[in-house]
Amino acid sequence: MVRVGALVIGPAGSGKSTFCEMLRAHAETMRRRVHVVNLDPAADHFSYPVAIDIRDLISLEDAMSEMRLGPNGGLIFCMEYLVENIQWLQDELDEIGADEYILFDCPGQIELYSHVPAMQTVVRELQRCDFRMAATYLLDSQFVADASKFISGVLCCLSAMTSLELPHVNVLSKCDQLPSRGLLEEFLDADAEALRERLDHTTRPELYRLNAAICELIDDWSMVQFLPSDPRDSDTIDQILAQMDHATQYHEDVEPRIAEDDDCGKDEADSGVDGMEGGDD
């Protein structure tokens, strides 16, 4: 079976780690096993069990102190160091085993998904190791409060899509923190005309015209669509997971689950109880 992997990417603070745990826990309720790999050398707290941690190879703190780099330069150095030592990641993934579903919790530095080639190289190496890859791009739902900010987020998403050249599932995260669900639904259903109406055309007319043109381009070609992610609504998580499965063609290679003896015994016992209850009636 081809192994399946999904990069969880997006700006810093968009909720990538929380999303990974939410997706892992939800899959667990469906009796699906999902492993989460941390590729963020700056991370120091995890809500999920870490299957592989890049900090075992290199940490941001070590890179900054030894190479005398700032946070941004140190993070890029860490990812380039991972590329140079990609065999380490491949060996760690082999220890997890085949036929596994892997989420890669990635750093939030947007340069890694636009013009710095490190993540592109990591993706190619994973594909060479028979991983069927997709990407999930998270954008904070607070962006819908400002149309111009939302357009900026959409452009960053497009940049990642074209750079990584992977099937993409785009997600509006933290939807439970929005003051109004109606505002979210308006943005999810909005066309170019609706977005243009939300733009500020009084302060800088030239910027308004640029944003309006971008809105029309994105709408005409259906370039980006978002799914909401609300931890209070399991249906939104189901929909996201289904889209990710479709992007990676996950179900095409899933072997049917064979019931274990304990499960069969439990089913027979339950049937016997049901039968006795029916006889009393």
# chains A, B, ... in the order shown; residues from 1 in each chain; ligands from 1

call {"tool": "residues_around", "arguments": {"residues": "Cys20 of chain A", "least_positions_apart": "4", "cutoff": "8 Å", "atoms": "only C-alpha atoms", "output": "list in words"}}
result
Val8, Lys16, Arg24, Val36, Tyr48, Leu103 and Asp105 of chain A

call {"tool": "closest_atom_pairs", "arguments": {"of": "segment 32-74 of chain A", "to": "segment 108-118 of chain A", "cutoff": "12 Å", "atoms": "only C-alpha atoms", "output": "tab-separated table"}}
result
residue	atom	partner	partner_atom	distance
A:Leu39	CA	A:Gly108	CA	10.3
A:Asp40	CA	A:Gly108	CA	8.1
A:Pro41	CA	A:Gly108	CA	10.7
A:Ala42	CA	A:Gly108	CA	9.8
A:Ala43	CA	A:Gly108	CA	10.3
A:Pro71	CA	A:Gln109	CA	10.1
A:Asn72	CA	A:Gln109	CA	7.6
A:Gly73	CA	A:Gln109	CA	10.3
A:Gly74	CA	A:Gln109	CA	11.1

call {"tool": "residues_around", "arguments": {"residues": "segment 150-158 of chain A", "least_positions_apart": "4", "cutoff": "7 Å", "atoms": "only C-alpha atoms", "output": "PDB file with C-alpha atoms, in the first residue's frame"}}
result
ATOM      1  CA  TYR A 137      -3.604  25.102   4.390  1.00  0.00           C
ATOM      2  CA  LEU A 139      -6.159  30.363   7.555  1.00  0.00           C
ATOM      3  CA  PHE A 143      -9.480  37.084   8.470  1.00  0.00           C
ATOM      4  CA  VAL A 144     -13.108  37.122   7.327  1.00  0.00           C
ATOM      5  CA  ASP A 146     -11.694  42.295   6.930  1.00  0.00           C
ATOM      6  CA  THR A 162       1.708  26.775  -6.745  1.00  0.00           C
TER       7      THR A 162
END

call {"tool": "select_by_dssp", "arguments": {"residues": "segment 17-254 of chain A", "states": "alpha helix (DSSP H)", "output": "ChimeraX atom specification"}}
result
/A:17-29,60-67,71-84,86-96,118-128,147-164,181-189,192-198,205-221,234-248

call {"tool": "write_last_selection", "arguments": {"atoms": "C-alpha atoms", "output": "CSV table (one decimal), in the first residue's frame"}}
result
chain,number,residue,atom,x,y,z
A,17,SER,CA,-1.0,21.9,16.1
A,18,THR,CA,-4.5,22.1,17.5
A,19,PHE,CA,-5.9,21.1,14.1
A,20,CYS,CA,-3.6,18.1,14.0
A,21,GLU,CA,-4.7,16.9,17.4
A,22,MET,CA,-8.4,17.5,16.6
A,23,LEU,CA,-8.0,15.5,13.3
A,24,ARG,CA,-6.1,12.7,15.0
A,25,ALA,CA,-8.6,12.4,17.9
A,26,HIS,CA,-11.5,12.4,15.4
A,27,ALA,CA,-10.0,9.7,13.3
A,28,GLU,CA,-9.4,7.7,16.4
A,29,THR,CA,-13.2,7.7,17.1
A,60,LEU,CA,15.7,26.4,16.6
A,61,GLU,CA,17.4,27.3,19.8
A,62,ASP,CA,20.5,25.3,18.9
A,63,ALA,CA,20.6,26.8,15.3
A,64,MET,CA,20.3,30.3,16.6
A,65,SER,CA,23.0,30.0,19.2
A,66,GLU,CA,25.5,28.0,17.1
A,67,MET,CA,25.0,29.8,13.8
A,71,PRO,CA,14.5,33.4,14.6
A,72,ASN,CA,13.6,33.6,10.9
A,73,GLY,CA,17.1,32.8,9.6
A,74,GLY,CA,17.4,30.0,12.2
A,75,LEU,CA,14.1,28.4,11.1
A,76,ILE,CA,15.1,28.4,7.5
A,77,PHE,CA,18.5,27.0,8.4
A,78,CYS,CA,16.8,24.1,10.4
A,79,MET,CA,14.6,23.2,7.4
A,80,GLU,CA,17.6,23.3,5.1
A,81,TYR,CA,19.5,21.1,7.6
A,82,LEU,CA,16.5,18.7,7.5
A,83,VAL,CA,16.8,18.5,3.7
A,84,GLU,CA,20.5,17.7,4.0
A,86,ILE,CA,16.5,13.7,4.9
A,87,GLN,CA,17.6,10.2,5.4
A,88,TRP,CA,17.0,10.7,9.1
A,89,LEU,CA,13.3,11.5,8.4
A,90,GLN,CA,13.0,8.6,6.1
A,91,ASP,CA,14.4,6.2,8.6
A,92,GLU,CA,12.1,7.5,11.3
A,93,LEU,CA,9.1,7.1,9.1
A,94,ASP,CA,10.1,3.5,8.2
A,95,GLU,CA,10.1,2.7,11.9
A,96,ILE,CA,6.4,3.8,12.1
A,118,ALA,CA,13.3,23.5,1.5
A,119,MET,CA,9.7,22.3,1.8
A,120,GLN,CA,9.4,21.5,-1.9
A,121,THR,CA,12.5,19.3,-1.5
A,122,VAL,CA,11.0,17.5,1.5
A,123,VAL,CA,7.8,16.8,-0.4
A,124,ARG,CA,9.7,15.4,-3.4
A,125,GLU,CA,11.7,13.1,-1.1
A,126,LEU,CA,8.6,11.9,0.6
A,127,GLN,CA,7.0,11.2,-2.7
A,128,ARG,CA,10.1,9.3,-3.8
A,147,ALA,CA,-12.1,41.7,3.2
A,148,SER,CA,-8.7,43.0,2.2
A,149,LYS,CA,-7.0,40.9,4.9
A,150,PHE,CA,-8.9,37.9,3.6
A,151,ILE,CA,-7.7,38.5,0.1
A,152,SER,CA,-4.1,38.7,1.4
A,153,GLY,CA,-4.6,35.3,3.1
A,154,VAL,CA,-6.0,33.9,-0.1
A,155,LEU,CA,-2.9,35.0,-2.0
A,156,CYS,CA,-0.6,33.4,0.5
A,157,CYS,CA,-2.6,30.2,0.1
A,158,LEU,CA,-2.3,30.4,-3.7
A,159,SER,CA,1.4,31.0,-3.4
A,160,ALA,CA,1.7,27.7,-1.3
A,161,MET,CA,-0.4,25.8,-3.8
A,162,THR,CA,1.7,26.8,-6.7
A,163,SER,CA,5.0,26.3,-4.9
A,164,LEU,CA,4.3,22.9,-3.4
A,181,ARG,CA,-21.7,32.2,12.3
A,182,GLY,CA,-23.6,34.2,9.7
A,183,LEU,CA,-20.5,36.2,8.9
A,184,LEU,CA,-18.6,33.0,8.1
A,185,GLU,CA,-21.4,31.7,5.9
A,186,GLU,CA,-21.5,35.0,4.0
A,187,PHE,CA,-17.8,34.7,3.2
A,188,LEU,CA,-18.0,31.0,2.3
A,189,ASP,CA,-20.8,31.7,-0.2
A,192,ALA,CA,-16.4,38.5,-6.4
A,193,GLU,CA,-19.2,41.1,-6.3
A,194,ALA,CA,-20.0,40.4,-2.6
A,195,LEU,CA,-16.3,40.7,-1.7
A,196,ARG,CA,-15.9,43.9,-3.6
A,197,GLU,CA,-18.8,45.4,-1.6
A,198,ARG,CA,-16.9,44.7,1.6
A,205,PRO,CA,-8.9,54.0,-4.6
A,206,GLU,CA,-5.9,52.4,-6.4
A,207,LEU,CA,-5.7,49.6,-3.8
A,208,TYR,CA,-9.4,49.1,-4.0
A,209,ARG,CA,-9.2,48.5,-7.8
A,210,LEU,CA,-6.3,46.0,-7.3
A,211,ASN,CA,-8.2,44.1,-4.7
A,212,ALA,CA,-11.3,44.1,-6.8
A,213,ALA,CA,-9.4,42.7,-9.8
A,214,ILE,CA,-7.9,40.0,-7.6
A,215,CYS,CA,-11.4,39.1,-6.3
A,216,GLU,CA,-12.7,38.7,-9.8
A,217,LEU,CA,-9.7,36.6,-10.9
A,218,ILE,CA,-10.1,34.2,-8.0
A,219,ASP,CA,-13.8,33.9,-8.4
A,220,ASP,CA,-13.8,33.5,-12.2
A,221,TRP,CA,-11.3,30.6,-12.0
A,234,SER,CA,-17.9,17.2,14.3
A,235,ASP,CA,-19.5,17.5,10.8
A,236,THR,CA,-17.0,20.1,9.8
A,237,ILE,CA,-14.2,17.8,10.8
A,238,ASP,CA,-15.8,14.9,8.9
A,239,GLN,CA,-16.0,17.1,5.8
A,240,ILE,CA,-12.3,18.1,6.0
A,241,LEU,CA,-11.1,14.6,6.6
A,242,ALA,CA,-13.2,13.4,3.6
A,243,GLN,CA,-11.7,16.1,1.4
A,244,MET,CA,-8.2,15.1,2.5
A,245,ASP,CA,-8.9,11.5,1.8
A,246,HIS,CA,-10.2,12.4,-1.6
A,247,ALA,CA,-7.1,14.5,-2.3
A,248,THR,CA,-4.8,11.6,-1.4

call {"tool": "select_by_dssp", "arguments": {"residues": "segment 113-276 of chain A", "states": "strand (DSSP E)", "output": "list in words"}}
result
Phe131, Arg132, Met133, Ala134, Ala135, Thr136, Tyr137, Leu138, Leu139, Asp140, His168, Val169, Asn170, Val171, Leu172, Ser173, Phe226, Leu227 and Pro228 of chain A

call {"tool": "write_last_selection", "arguments": {"atoms": "N, CA, C and O atoms", "output": "compact mmCIF listing (two decimals), in the first residue's frame"}}
result
# COMPACT_ATOMS: atom_id res chain seq x y z
N PHE A 131 5.19 8.03 -0.67
CA PHE A 131 4.14 8.74 0.04
C PHE A 131 3.23 9.42 -0.96
O PHE A 131 3.69 10.11 -1.87
N ARG A 132 1.95 9.24 -0.78
CA ARG A 132 0.97 9.98 -1.57
C ARG A 132 0.61 11.23 -0.76
O ARG A 132 -0.03 11.14 0.28
N MET A 133 1.01 12.40 -1.26
CA MET A 133 0.99 13.62 -0.45
C MET A 133 -0.13 14.58 -0.85
O MET A 133 -0.55 14.64 -2.01
N ALA A 134 -0.58 15.32 0.15
CA ALA A 134 -1.50 16.44 -0.05
C ALA A 134 -1.11 17.50 0.98
O ALA A 134 -0.27 17.27 1.84
N ALA A 135 -1.72 18.66 0.86
CA ALA A 135 -1.45 19.74 1.81
C ALA A 135 -2.77 20.31 2.31
O ALA A 135 -3.74 20.43 1.55
N THR A 136 -2.79 20.65 3.59
CA THR A 136 -3.95 21.32 4.19
C THR A 136 -3.48 22.69 4.67
O THR A 136 -2.63 22.77 5.56
N TYR A 137 -4.01 23.74 4.06
CA TYR A 137 -3.60 25.10 4.39
C TYR A 137 -4.63 25.71 5.33
O TYR A 137 -5.82 25.80 5.01
N LEU A 138 -4.16 26.14 6.51
CA LEU A 138 -5.04 26.74 7.51
C LEU A 138 -4.93 28.26 7.48
O LEU A 138 -3.83 28.82 7.46
N LEU A 139 -6.08 28.90 7.48
CA LEU A 139 -6.16 30.36 7.56
C LEU A 139 -7.09 30.71 8.71
O LEU A 139 -8.21 30.18 8.79
N ASP A 140 -6.63 31.58 9.60
CA ASP A 140 -7.43 31.97 10.76
C ASP A 140 -8.74 32.59 10.30
O ASP A 140 -8.76 33.51 9.47
N HIS A 168 -4.58 20.43 -2.65
CA HIS A 168 -4.75 21.28 -1.48
C HIS A 168 -6.16 21.20 -0.92
O HIS A 168 -7.14 21.17 -1.68
N VAL A 169 -6.26 21.19 0.40
CA VAL A 169 -7.52 21.39 1.11
C VAL A 169 -7.33 22.64 1.96
O VAL A 169 -6.44 22.67 2.81
N ASN A 170 -8.13 23.65 1.71
CA ASN A 170 -7.98 24.92 2.41
C ASN A 170 -9.04 25.04 3.51
O ASN A 170 -10.22 24.80 3.26
N VAL A 171 -8.59 25.42 4.70
CA VAL A 171 -9.44 25.37 5.89
C VAL A 171 -9.43 26.72 6.60
O VAL A 171 -8.36 27.31 6.80
N LEU A 172 -10.60 27.20 6.97
CA LEU A 172 -10.72 28.34 7.88
C LEU A 172 -10.77 27.80 9.30
O LEU A 172 -11.74 27.15 9.69
N SER A 173 -9.72 28.04 10.06
CA SER A 173 -9.62 27.48 11.41
C SER A 173 -10.24 28.41 12.45
O SER A 173 -10.54 29.57 12.17
N PHE A 226 -12.66 27.41 0.71
CA PHE A 226 -12.32 27.07 2.09
C PHE A 226 -13.42 26.23 2.72
O PHE A 226 -14.61 26.40 2.43
N LEU A 227 -12.98 25.35 3.62
CA LEU A 227 -13.89 24.59 4.46
C LEU A 227 -13.78 25.12 5.88
O LEU A 227 -12.68 25.40 6.35
N PRO A 228 -14.90 25.24 6.60
CA PRO A 228 -14.81 25.71 7.99
C PRO A 228 -14.37 24.59 8.92
O PRO A 228 -14.70 23.42 8.70

call {"tool": "closest_residue", "arguments": {"among": "A:Cys129, A:Tyr101, A:His35, A:Arg204", "to": "His251 of chain A", "atoms": "only C-alpha atoms"}}
result
A:Tyr101

call {"tool": "decode", "arguments": {"residues": "segment 153-185 of chain A", "atoms": "N, CA and C atoms", "output": "short mmCIF file (atom, residue, chain, number, x, y, z; two decimals), in the first residue's frame"}}
result
data_model
loop_
_atom_site.label_atom_id
_atom_site.label_comp_id
_atom_site.auth_asym_id
_atom_site.auth_seq_id
_atom_site.Cartn_x
_atom_site.Cartn_y
_atom_site.Cartn_z
N GLY A 153 -4.73 36.73 2.71
CA GLY A 153 -4.62 35.33 3.11
C GLY A 153 -4.81 34.38 1.95
N VAL A 154 -5.75 34.71 1.07
CA VAL A 154 -6.01 33.87 -0.10
C VAL A 154 -4.79 33.85 -1.02
N LEU A 155 -4.13 34.99 -1.19
CA LEU A 155 -2.95 35.05 -2.05
C LEU A 155 -1.80 34.23 -1.46
N CYS A 156 -1.64 34.26 -0.14
CA CYS A 156 -0.61 33.42 0.50
C CYS A 156 -0.93 31.95 0.27
N CYS A 157 -2.21 31.62 0.35
CA CYS A 157 -2.64 30.24 0.09
C CYS A 157 -2.32 29.83 -1.34
N LEU A 158 -2.60 30.71 -2.29
CA LEU A 158 -2.29 30.44 -3.69
C LEU A 158 -0.80 30.25 -3.92
N SER A 159 -0.01 31.06 -3.24
CA SER A 159 1.44 30.95 -3.36
C SER A 159 1.91 29.57 -2.91
N ALA A 160 1.37 29.08 -1.79
CA ALA A 160 1.74 27.75 -1.30
C ALA A 160 1.28 26.66 -2.26
N MET A 161 0.10 26.82 -2.82
CA MET A 161 -0.43 25.82 -3.76
C MET A 161 0.47 25.68 -4.98
N THR A 162 0.89 26.83 -5.53
CA THR A 162 1.71 26.78 -6.74
C THR A 162 3.14 26.33 -6.43
N SER A 163 3.62 26.65 -5.24
CA SER A 163 4.99 26.29 -4.88
C SER A 163 5.13 24.80 -4.60
N LEU A 164 4.22 24.25 -3.81
CA LEU A 164 4.33 22.85 -3.40
C LEU A 164 3.83 21.88 -4.47
N GLU A 165 2.94 22.37 -5.34
CA GLU A 165 2.39 21.53 -6.42
C GLU A 165 1.77 20.25 -5.87
N LEU A 166 0.91 20.44 -4.87
CA LEU A 166 0.22 19.32 -4.24
C LEU A 166 -1.29 19.56 -4.27
N PRO A 167 -2.09 18.50 -4.23
CA PRO A 167 -3.52 18.70 -3.99
C PRO A 167 -3.71 19.44 -2.67
N HIS A 168 -4.58 20.43 -2.65
CA HIS A 168 -4.75 21.28 -1.48
C HIS A 168 -6.16 21.20 -0.92
N VAL A 169 -6.26 21.19 0.40
CA VAL A 169 -7.52 21.39 1.11
C VAL A 169 -7.33 22.64 1.96
N ASN A 170 -8.13 23.65 1.71
CA ASN A 170 -7.98 24.92 2.41
C ASN A 170 -9.04 25.04 3.51
N VAL A 171 -8.59 25.42 4.70
CA VAL A 171 -9.44 25.37 5.89
C VAL A 171 -9.43 26.72 6.60
N LEU A 172 -10.60 27.20 6.97
CA LEU A 172 -10.72 28.34 7.88
C LEU A 172 -10.77 27.80 9.30
N SER A 173 -9.72 28.04 10.06
CA SER A 173 -9.62 27.48 11.41
C SER A 173 -10.24 28.41 12.45
N LYS A 174 -10.44 27.87 13.64
CA LYS A 174 -10.95 28.63 14.80
C LYS A 174 -12.31 29.26 14.54
N CYS A 175 -13.15 28.57 13.82
CA CYS A 175 -14.48 29.13 13.51
C CYS A 175 -15.34 29.26 14.76
N ASP A 176 -14.99 28.53 15.81
CA ASP A 176 -15.75 28.65 17.06
C ASP A 176 -15.52 29.99 17.75
N GLN A 177 -14.48 30.72 17.33
CA GLN A 177 -14.17 32.00 17.96
C GLN A 177 -14.79 33.19 17.23
N LEU A 178 -15.48 32.92 16.14
CA LEU A 178 -16.15 34.01 15.43
C LEU A 178 -17.37 34.49 16.21
N PRO A 179 -17.62 35.79 16.26
CA PRO A 179 -18.79 36.29 16.99
C PRO A 179 -20.11 35.90 16.33
N SER A 180 -20.05 35.65 15.01
CA SER A 180 -21.28 35.33 14.29
C SER A 180 -21.02 34.26 13.24
N ARG A 181 -21.82 33.20 13.29
CA ARG A 181 -21.72 32.17 12.27
C ARG A 181 -22.19 32.70 10.91
N GLY A 182 -23.10 33.67 10.95
CA GLY A 182 -23.61 34.24 9.71
C GLY A 182 -22.53 34.91 8.91
N LEU A 183 -21.59 35.58 9.59
CA LEU A 183 -20.48 36.23 8.89
C LEU A 183 -19.63 35.22 8.15
N LEU A 184 -19.39 34.08 8.76
CA LEU A 184 -18.61 33.02 8.11
C LEU A 184 -19.33 32.50 6.88
N GLU A 185 -20.63 32.23 7.01
CA GLU A 185 -21.39 31.69 5.88
C GLU A 185 -21.45 32.68 4.72
#
